[in-house]
file start_21.cif (mmCIF, C-alpha atoms)
data_data
loop_
_atom_site.group_PDB
_atom_site.id
_atom_site.type_symbol
_atom_site.label_atom_id
_atom_site.label_comp_id
_atom_site.auth_asym_id
_atom_site.auth_seq_id
_atom_site.Cartn_x
_atom_site.Cartn_y
_atom_site.Cartn_z
ATOM 1 C CA PRO U 3 91.198 -55.129 -70.805
ATOM 2 C CA GLY U 4 88.577 -54.285 -73.410
ATOM 3 C CA THR U 5 87.685 -54.713 -77.052
ATOM 4 C CA TYR U 6 90.234 -53.709 -79.684
ATOM 5 C CA HIS U 7 90.265 -53.519 -83.482
ATOM 6 C CA ALA U 8 93.225 -54.213 -85.756
ATOM 7 C CA ARG U 9 93.990 -54.210 -89.479
ATOM 8 C CA LEU U 10 97.149 -55.149 -91.348
ATOM 9 C CA ALA U 11 98.835 -52.766 -93.748
ATOM 10 C CA THR U 12 101.902 -52.781 -95.951
ATOM 11 C CA VAL U 13 104.231 -49.910 -96.788
ATOM 12 C CA ARG U 14 105.948 -49.963 -100.165
ATOM 13 C CA ASP U 15 107.858 -47.048 -101.688
ATOM 14 C CA GLY U 16 106.445 -44.750 -99.045
ATOM 15 C CA GLU U 17 102.825 -45.691 -99.778
ATOM 16 C CA MET U 18 100.708 -47.523 -97.204
ATOM 17 C CA SER U 19 98.081 -49.986 -98.383
ATOM 18 C CA GLU U 20 95.586 -51.723 -96.110
ATOM 19 C CA VAL U 21 95.385 -55.506 -96.315
ATOM 20 C CA GLY U 22 92.326 -57.517 -95.399
ATOM 21 C CA GLU U 23 89.471 -56.521 -93.150
ATOM 22 C CA VAL U 24 89.313 -55.081 -89.671
ATOM 23 C CA ARG U 25 89.364 -57.766 -87.006
ATOM 24 C CA SER U 26 88.094 -57.335 -83.471
ATOM 25 C CA PHE U 27 89.365 -59.089 -80.370
ATOM 26 C CA THR U 28 88.800 -58.902 -76.645
ATOM 27 C CA VAL U 29 91.512 -58.663 -74.004
ATOM 28 C CA LYS U 30 90.632 -59.980 -70.561
ATOM 29 C CA ALA U 31 92.487 -59.587 -67.295
ATOM 30 C CA LEU U 32 93.563 -62.838 -65.715
ATOM 31 C CA ALA U 33 92.938 -62.686 -61.992
ATOM 32 C CA ASN U 34 95.123 -65.704 -61.344
ATOM 33 C CA SER U 35 97.221 -64.319 -58.503
ATOM 34 C CA PRO U 36 96.307 -62.742 -55.159
ATOM 35 C CA GLU U 37 99.006 -60.104 -55.678
ATOM 36 C CA ILE U 38 97.247 -58.550 -58.697
ATOM 37 C CA THR U 39 95.704 -55.182 -57.981
ATOM 38 C CA ALA U 40 91.946 -54.804 -57.986
ATOM 39 C CA ASP U 41 92.184 -51.136 -59.077
ATOM 40 C CA ARG U 42 93.670 -51.405 -62.541
ATOM 41 C CA ARG U 43 92.827 -47.841 -63.566
ATOM 42 C CA THR U 44 94.831 -46.379 -60.707
ATOM 43 C CA HIS U 45 97.683 -48.762 -61.504
ATOM 44 C CA GLN U 46 97.667 -47.777 -65.178
ATOM 45 C CA ALA U 47 97.526 -44.073 -64.328
ATOM 46 C CA TYR U 48 100.643 -44.452 -62.192
ATOM 47 C CA LEU U 49 102.470 -46.348 -64.948
ATOM 48 C CA ILE U 50 101.687 -43.576 -67.436
ATOM 49 C CA ARG U 51 102.993 -40.918 -65.041
ATOM 50 C CA ALA U 52 106.137 -42.934 -64.340
ATOM 51 C CA ALA U 53 106.721 -43.497 -68.066
ATOM 52 C CA GLU U 54 106.276 -39.791 -68.833
ATOM 53 C CA LEU U 55 108.735 -38.890 -66.087
ATOM 54 C CA GLN U 56 111.293 -41.396 -67.361
ATOM 55 C CA ARG U 57 110.863 -40.124 -70.946
ATOM 56 C CA ALA U 58 111.301 -36.515 -69.894
ATOM 57 C CA VAL U 59 114.380 -37.299 -67.801
ATOM 58 C CA ALA U 60 115.974 -39.191 -70.709
ATOM 59 C CA GLY U 61 115.291 -36.207 -72.959
ATOM 60 C CA ALA U 62 116.815 -33.800 -70.460
ATOM 61 C CA VAL U 63 119.959 -35.919 -70.172
ATOM 62 C CA ALA U 64 120.324 -35.939 -73.972
ATOM 63 C CA ALA U 65 119.681 -32.191 -74.169
ATOM 64 C CA SER U 66 122.291 -31.575 -71.488
ATOM 65 C CA ALA U 67 124.857 -33.533 -73.514
ATOM 66 C CA GLU U 68 124.079 -31.420 -76.586
ATOM 67 C CA ILE U 69 124.457 -28.207 -74.596
ATOM 68 C CA ASP U 70 127.787 -29.416 -73.225
ATOM 69 C CA SER U 71 128.983 -30.102 -76.779
ATOM 70 C CA ARG U 72 128.040 -26.571 -77.826
ATOM 71 C CA ILE U 73 129.942 -25.143 -74.866
ATOM 72 C CA GLN U 74 133.049 -27.179 -75.698
ATOM 73 C CA HIS U 75 132.960 -25.938 -79.298
ATOM 74 C CA LEU U 76 132.609 -22.346 -78.130
ATOM 75 C CA ARG U 77 135.848 -22.460 -76.130
ATOM 76 C CA PRO U 78 138.215 -22.458 -79.149
ATOM 77 C CA ALA U 79 135.819 -20.174 -81.020
ATOM 78 C CA LEU U 80 136.256 -17.558 -78.288
ATOM 79 C CA ILE U 81 140.026 -17.747 -78.674
ATOM 80 C CA GLY U 82 139.648 -17.041 -82.365
ATOM 81 C CA THR U 83 137.327 -14.071 -81.854
ATOM 82 C CA ASN U 84 139.373 -10.892 -81.492
ATOM 83 C CA ARG U 85 136.378 -8.765 -80.570
ATOM 84 C CA ALA U 86 135.330 -11.068 -77.696
ATOM 85 C CA GLY U 87 136.593 -10.161 -74.254
ATOM 86 C CA GLU U 88 136.853 -11.443 -70.704
ATOM 87 C CA GLU U 89 133.168 -10.833 -70.099
ATOM 88 C CA GLN U 90 132.141 -13.431 -72.713
ATOM 89 C CA ARG U 91 134.732 -15.920 -71.452
ATOM 90 C CA THR U 92 133.448 -15.532 -67.887
ATOM 91 C CA ARG U 93 129.868 -16.138 -68.982
ATOM 92 C CA LEU U 94 130.847 -19.280 -70.873
ATOM 93 C CA HIS U 95 132.836 -20.584 -67.892
ATOM 94 C CA THR U 96 129.859 -19.930 -65.592
ATOM 95 C CA LEU U 97 127.514 -21.817 -67.908
ATOM 96 C CA SER U 98 129.922 -24.760 -68.002
ATOM 97 C CA ARG U 99 130.185 -24.928 -64.210
ATOM 98 C CA GLU U 100 126.403 -24.704 -63.780
ATOM 99 C CA LEU U 101 125.856 -27.457 -66.350
ATOM 100 C CA GLN U 102 128.346 -29.715 -64.562
ATOM 101 C CA ALA U 103 126.485 -29.205 -61.295
ATOM 102 C CA LEU U 104 123.179 -29.920 -63.017
ATOM 103 C CA ASN U 105 124.548 -33.137 -64.532
ATOM 104 C CA ARG U 106 125.543 -34.333 -61.071
ATOM 105 C CA ARG U 107 121.922 -33.968 -60.055
ATOM 106 C CA LEU U 108 120.666 -35.695 -63.196
ATOM 107 C CA LEU U 109 123.208 -38.511 -63.457
ATOM 108 C CA GLY U 110 125.044 -38.592 -60.125
ATOM 109 C CA ASP U 111 128.632 -37.779 -59.235
ATOM 110 C CA ALA U 112 130.698 -39.934 -61.604
ATOM 111 C CA THR U 113 133.914 -39.219 -59.697
ATOM 112 C CA VAL U 114 132.481 -40.546 -56.431
ATOM 113 C CA LEU U 115 130.734 -43.510 -58.062
ATOM 114 C CA ALA U 116 133.924 -44.530 -59.901
ATOM 115 C CA ARG U 117 135.568 -45.034 -56.504
ATOM 116 C CA ASN U 118 132.744 -47.284 -55.252
ATOM 117 C CA GLU U 119 131.685 -44.666 -52.744
ATOM 118 C CA SER U 120 128.075 -43.987 -51.836
ATOM 119 C CA SER U 121 126.434 -41.067 -53.579
ATOM 120 C CA PRO U 122 122.951 -39.540 -53.402
ATOM 121 C CA MET U 123 120.568 -41.214 -55.826
ATOM 122 C CA SER U 124 120.448 -39.290 -59.085
ATOM 123 C CA ILE U 125 117.237 -38.175 -60.754
ATOM 124 C CA ALA U 126 117.803 -40.488 -63.724
ATOM 125 C CA SER U 127 118.503 -43.500 -61.496
ATOM 126 C CA ARG U 128 115.398 -42.830 -59.442
ATOM 127 C CA ALA U 129 113.229 -42.410 -62.556
ATOM 128 C CA TRP U 130 114.420 -45.750 -63.930
ATOM 129 C CA ALA U 131 113.997 -47.447 -60.540
ATOM 130 C CA ILE U 132 110.415 -46.214 -60.378
ATOM 131 C CA TYR U 133 109.428 -47.223 -63.900
ATOM 132 C CA THR U 134 111.253 -50.494 -64.583
ATOM 133 C CA PRO U 135 109.879 -52.732 -61.787
ATOM 134 C CA SER U 136 106.373 -51.278 -62.024
ATOM 135 C CA VAL U 137 105.837 -51.875 -65.723
ATOM 136 C CA PHE U 138 106.459 -55.612 -65.320
ATOM 137 C CA SER U 139 104.177 -56.018 -62.316
ATOM 138 C CA GLN U 140 100.418 -55.991 -61.795
ATOM 139 C CA ALA U 141 100.687 -55.622 -58.054
ATOM 140 C CA PRO U 142 99.398 -52.466 -56.368
ATOM 141 C CA ILE U 143 101.873 -49.596 -56.270
ATOM 142 C CA GLY U 144 103.535 -49.585 -52.880
ATOM 143 C CA GLY U 145 104.038 -46.571 -50.689
ATOM 144 C CA MET U 146 107.808 -46.593 -51.243
ATOM 145 C CA LEU U 147 107.420 -46.335 -55.032
ATOM 146 C CA ALA U 148 104.801 -43.614 -54.711
ATOM 147 C CA ASP U 149 107.041 -41.611 -52.354
ATOM 148 C CA SER U 150 110.052 -42.132 -54.616
ATOM 149 C CA TYR U 151 108.060 -40.852 -57.590
ATOM 150 C CA ARG U 152 107.185 -37.688 -55.708
ATOM 151 C CA VAL U 153 110.839 -37.092 -54.796
ATOM 152 C CA ALA U 154 111.937 -37.605 -58.401
ATOM 153 C CA ALA U 155 109.164 -35.384 -59.760
ATOM 154 C CA ASP U 156 110.034 -32.542 -57.389
ATOM 155 C CA GLU U 157 113.775 -32.769 -58.074
ATOM 156 C CA PHE U 158 113.324 -33.049 -61.813
ATOM 157 C CA GLY U 159 110.952 -30.088 -61.967
ATOM 158 C CA THR U 160 113.666 -27.861 -60.494
ATOM 159 C CA ALA U 161 116.410 -29.408 -62.640
ATOM 160 C CA LEU U 162 114.410 -28.964 -65.834
ATOM 161 C CA ALA U 163 113.852 -25.282 -65.092
ATOM 162 C CA ASP U 164 117.593 -24.856 -64.500
ATOM 163 C CA LEU U 165 118.365 -26.651 -67.775
ATOM 164 C CA ARG U 166 116.056 -24.331 -69.707
ATOM 165 C CA ASP U 167 117.718 -21.309 -68.095
ATOM 166 C CA ILE U 168 121.192 -22.531 -69.080
ATOM 167 C CA ALA U 169 120.009 -23.230 -72.641
ATOM 168 C CA GLU U 170 118.505 -19.758 -73.017
ATOM 169 C CA ARG U 171 121.607 -18.004 -71.678
ATOM 170 C CA LEU U 172 123.845 -20.096 -73.920
ATOM 171 C CA GLN U 173 121.765 -19.233 -76.966
ATOM 172 C CA ALA U 174 122.013 -15.535 -76.107
ATOM 173 C CA LEU U 175 125.802 -15.851 -75.792
ATOM 174 C CA GLU U 176 126.016 -17.699 -79.116
ATOM 175 C CA GLN U 177 124.042 -14.965 -80.849
ATOM 176 C CA GLU U 178 126.240 -12.293 -79.304
ATOM 177 C CA LEU U 179 129.409 -14.060 -80.386
ATOM 178 C CA GLY U 180 127.972 -14.378 -83.868
ATOM 179 C CA THR U 181 127.700 -10.598 -84.105
ATOM 180 C CA LEU U 182 131.302 -10.319 -82.876
ATOM 181 C CA GLY U 183 132.554 -12.463 -85.736
ATOM 182 C CA ALA U 184 133.083 -15.759 -83.924
ATOM 183 C CA PRO U 185 133.704 -18.849 -86.076
ATOM 184 C CA TRP U 186 130.733 -21.117 -86.664
ATOM 185 C CA THR U 187 129.934 -23.588 -83.892
ATOM 186 C CA PRO U 188 127.247 -26.297 -83.644
ATOM 187 C CA GLY U 189 123.845 -25.067 -82.552
ATOM 188 C CA ARG U 190 123.744 -21.758 -84.385
ATOM 189 C CA ILE U 191 123.249 -20.525 -87.931
ATOM 190 C CA PRO U 192 125.919 -18.079 -89.187
ATOM 191 C CA GLN U 193 124.932 -14.423 -89.508
ATOM 192 C CA TRP U 194 125.883 -12.770 -92.788
ATOM 193 C CA ARG U 195 124.781 -10.107 -95.209
ATOM 194 C CA ASP U 196 126.366 -8.429 -98.211
ATOM 195 C CA ASP U 197 127.154 -4.858 -97.157
ATOM 196 C CA ALA U 198 128.883 -3.943 -100.421
ATOM 197 C CA ALA U 199 127.172 -0.994 -102.157
ATOM 198 C CA GLY U 200 126.051 -1.593 -105.723
ATOM 199 C CA GLU U 201 126.794 -4.513 -107.967
ATOM 200 C CA PRO U 202 130.221 -6.135 -107.837
ATOM 201 C CA THR U 203 132.492 -4.947 -110.584
ATOM 202 C CA THR U 204 134.700 -7.070 -112.797
ATOM 203 C CA ARG U 205 138.105 -5.742 -113.716
ATOM 204 C CA ASN U 206 139.149 -6.283 -117.283
ATOM 205 C CA PRO U 207 142.478 -8.053 -117.717
ATOM 206 C CA PRO U 208 145.319 -5.804 -118.895
ATOM 207 C CA GLU U 209 145.847 -5.682 -122.604
ATOM 208 C CA ALA U 210 148.724 -7.675 -123.906
ATOM 209 C CA THR U 211 151.815 -5.688 -124.901
ATOM 210 C CA ASP U 212 153.441 -5.912 -128.262
ATOM 211 C CA SER U 213 156.335 -7.879 -126.818
ATOM 212 C CA ALA U 214 153.943 -10.299 -125.130
ATOM 213 C CA GLN U 215 152.057 -10.726 -128.400
ATOM 214 C CA ARG U 216 155.277 -11.515 -130.187
#

call {"tool": "encode", "arguments": {"input": "start_21.cif", "output": "structure tokens"}}
result
Amino acid sequence: PGTYHARLATVRDGEMSEVGEVRSFTVKALANSPEITADRRTHQAYLIRAAELQRAVAGAVAASAEIDSRIQHLRPALIGTNRAGEEQRTRLHTLSRELQALNRRLLGDATVLARNESSPMSIASRAWAIYTPSVFSQAPIGGMLADSYRVAADEFGTALADLRDIAERLQALEQELGTLGAPWTPGRIPQWRDDAAGEPTTRNPPEATDSAQR
């Protein structure tokens, strides 16, 4: 509720032009149901927190998928890197296993869920369950939703820290493999410099022989 101002604008060829004058309008809350909360500020503050949590979880899920893609591309790159050894392969395998475990926390155990078996509620499922019903309701936030938010926030805080750790260790491994001559893989810029001394020379073609000229 409150007073708002709006103005129309058009965008053409990348240029925005304002159209008409600023118009003001007032939004009023309709207290037409006994279920509507009397403390709208507290309700809105919760919705903002729930939306931020859901946005961050969605971003973490997408980032995890990108990291997994980088790991999968590094597997054949390691095979093609003669200077890489068992130590690099072990580190990559460890990162893959840790990311799989993290994804089970973020998204749930797909193997168990595919068999219609019960599985602990994932962070992503809980974040959606908190946000979706609340944003379409003006009723006060119940104790169950508030408790569920706290569980999701605590679990996601730990998961996000683990995701950052995996990302940093993967980046360090990618940089190391780059110095060892690994083929290019997504997520890293190739390392290269011209170590040749002096300007490149051009060899003159051999002179044609008399027989060749004839």

call {"tool": "residues_around", "arguments": {"input": "start_21.cif", "residues": "region 95-105 of chain U", "least_positions_apart": "2", "cutoff": "7 Å", "atoms": "all atoms listed in the file", "output": "ChimeraX atom specification"}}
result
/U:73,91-93,107-109,161,168

call {"tool": "write_last_selection", "arguments": {"input": "start_21.cif", "atoms": "C-alpha atoms", "output": "PDB file, in the coordinates of the input"}}
result
ATOM      1  CA  ILE U  73     129.942 -25.143 -74.866  1.00  0.00           C
ATOM      2  CA  ARG U  91     134.732 -15.920 -71.452  1.00  0.00           C
ATOM      3  CA  THR U  92     133.448 -15.532 -67.887  1.00  0.00           C
ATOM      4  CA  ARG U  93     129.868 -16.138 -68.982  1.00  0.00           C
ATOM      5  CA  ARG U 107     121.922 -33.968 -60.055  1.00  0.00           C
ATOM      6  CA  LEU U 108     120.666 -35.695 -63.196  1.00  0.00           C
ATOM      7  CA  LEU U 109     123.208 -38.511 -63.457  1.00  0.00           C
ATOM      8  CA  ALA U 161     116.410 -29.408 -62.640  1.00  0.00           C
ATOM      9  CA  ILE U 168     121.192 -22.531 -69.080  1.00  0.00           C
TER      10      ILE U 168
END

call {"tool": "residues_around", "arguments": {"input": "start_21.cif", "residues": "Thr44 (chain U)", "least_positions_apart": "4", "cutoff": "12 Å", "atoms": "all atoms listed in the file", "output": "NGL selection string"}}
result
:U and (39-40 or 48-51 or 140-143 or 148)

call {"tool": "write_last_selection", "arguments": {"input": "start_21.cif", "atoms": "C-alpha atoms", "output": "CSV table (one decimal), keeping the file's coordinate frame"}}
result
chain,number,residue,atom,x,y,z
U,39,THR,CA,95.7,-55.2,-58.0
U,40,ALA,CA,91.9,-54.8,-58.0
U,48,TYR,CA,100.6,-44.5,-62.2
U,49,LEU,CA,102.5,-46.3,-64.9
U,50,ILE,CA,101.7,-43.6,-67.4
U,51,ARG,CA,103.0,-40.9,-65.0
U,140,GLN,CA,100.4,-56.0,-61.8
U,141,ALA,CA,100.7,-55.6,-58.1
U,142,PRO,CA,99.4,-52.5,-56.4
U,143,ILE,CA,101.9,-49.6,-56.3
U,148,ALA,CA,104.8,-43.6,-54.7

call {"tool": "closest_residue", "arguments": {"input": "start_21.cif", "among": "U:Arg72, U:Arg9, U:Arg57, U:Arg152", "to": "Gly22 (chain U)", "atoms": "all atoms listed in the file"}}
result
U:Arg9

call {"tool": "residues_around", "arguments": {"input": "start_21.cif", "residues": "region 158-160 of chain U", "least_positions_apart": "5", "cutoff": "10 Å", "atoms": "all atoms listed in the file", "output": "list in words"}}
result
Leu55, Ala58, Val59, Ala62, Arg107, Leu108, Ser124, Ile125, Ala126, Ala129, Arg152, Val153 and Leu165 of chain U

call {"tool": "residues_around", "arguments": {"input": "start_21.cif", "residues": "Thr187 (chain U)", "least_positions_apart": "5", "cutoff": "8 Å", "atoms": "only C-alpha atoms", "output": "VMD selection string"}}
result
chain U and resid 72 75 to 76 79

call {"tool": "closest_residue", "arguments": {"input": "start_21.cif", "among": "U:Pro188, U:Pro135, U:Gly183, U:Gly16", "to": "Leu80 (chain U)", "atoms": "all atoms listed in the file"}}
result
U:Gly183

call {"tool": "resolve_selection", "arguments": {"input": "start_21.cif", "expression": "the PyMOL selection byres ((chain U and resi 7) around 7)", "output": "PyMOL selection string"}}
result
chain U and resi 6+8+24-27

call {"tool": "atom_distance", "arguments": {"input": "start_21.cif", "atom1": "CA of Asn84 (chain U)", "atom2": "CA of Arg195 (chain U)"}}
result
20.0 Å

call {"tool": "atom_distance", "arguments": {"input": "start_21.cif", "atom1": "CA of Ile191 (chain U)", "atom2": "CA of Gln177 (chain U)"}}
result
9.0 Å

call {"tool": "closest_residue", "arguments": {"input": "start_21.cif", "among": "U:Gln56, U:Arg42, U:Arg190, U:Leu94", "to": "Asp70 (chain U)", "atoms": "only C-alpha atoms"}}
result
U:Leu94

call {"tool": "residues_around", "arguments": {"input": "start_21.cif", "residues": "region 29-36 of chain U", "least_positions_apart": "3", "cutoff": "7 Å", "atoms": "all atoms listed in the file", "output": "PyMOL selection string"}}
result
chain U and resi 3-5

call {"tool": "write_last_selection", "arguments": {"input": "start_21.cif", "atoms": "C-alpha atoms", "output": "short mmCIF file (atom, residue, chain, number, x, y, z; two decimals), in the frame of the given file"}}
result
data_model
loop_
_atom_site.label_atom_id
_atom_site.label_comp_id
_atom_site.auth_asym_id
_atom_site.auth_seq_id
_atom_site.Cartn_x
_atom_site.Cartn_y
_atom_site.Cartn_z
CA PRO U 3 91.20 -55.13 -70.81
CA GLY U 4 88.58 -54.28 -73.41
CA THR U 5 87.68 -54.71 -77.05
#

call {"tool": "atom_distance", "arguments": {"input": "start_21.cif", "atom1": "CA of Met123 (chain U)", "atom2": "CA of His45 (chain U)"}}
result
24.8 Å

call {"tool": "axis_aligned_box", "arguments": {"input": "start_21.cif", "around": "region 76-87 of chain U", "padding_each_side": "6 Å", "output": "lines of an AutoDock Vina configuration file"}}
result
center_x = 136.3
center_y = -15.6
center_z = -78.3
size_x = 19.4
size_y = 25.7
size_z = 20.1
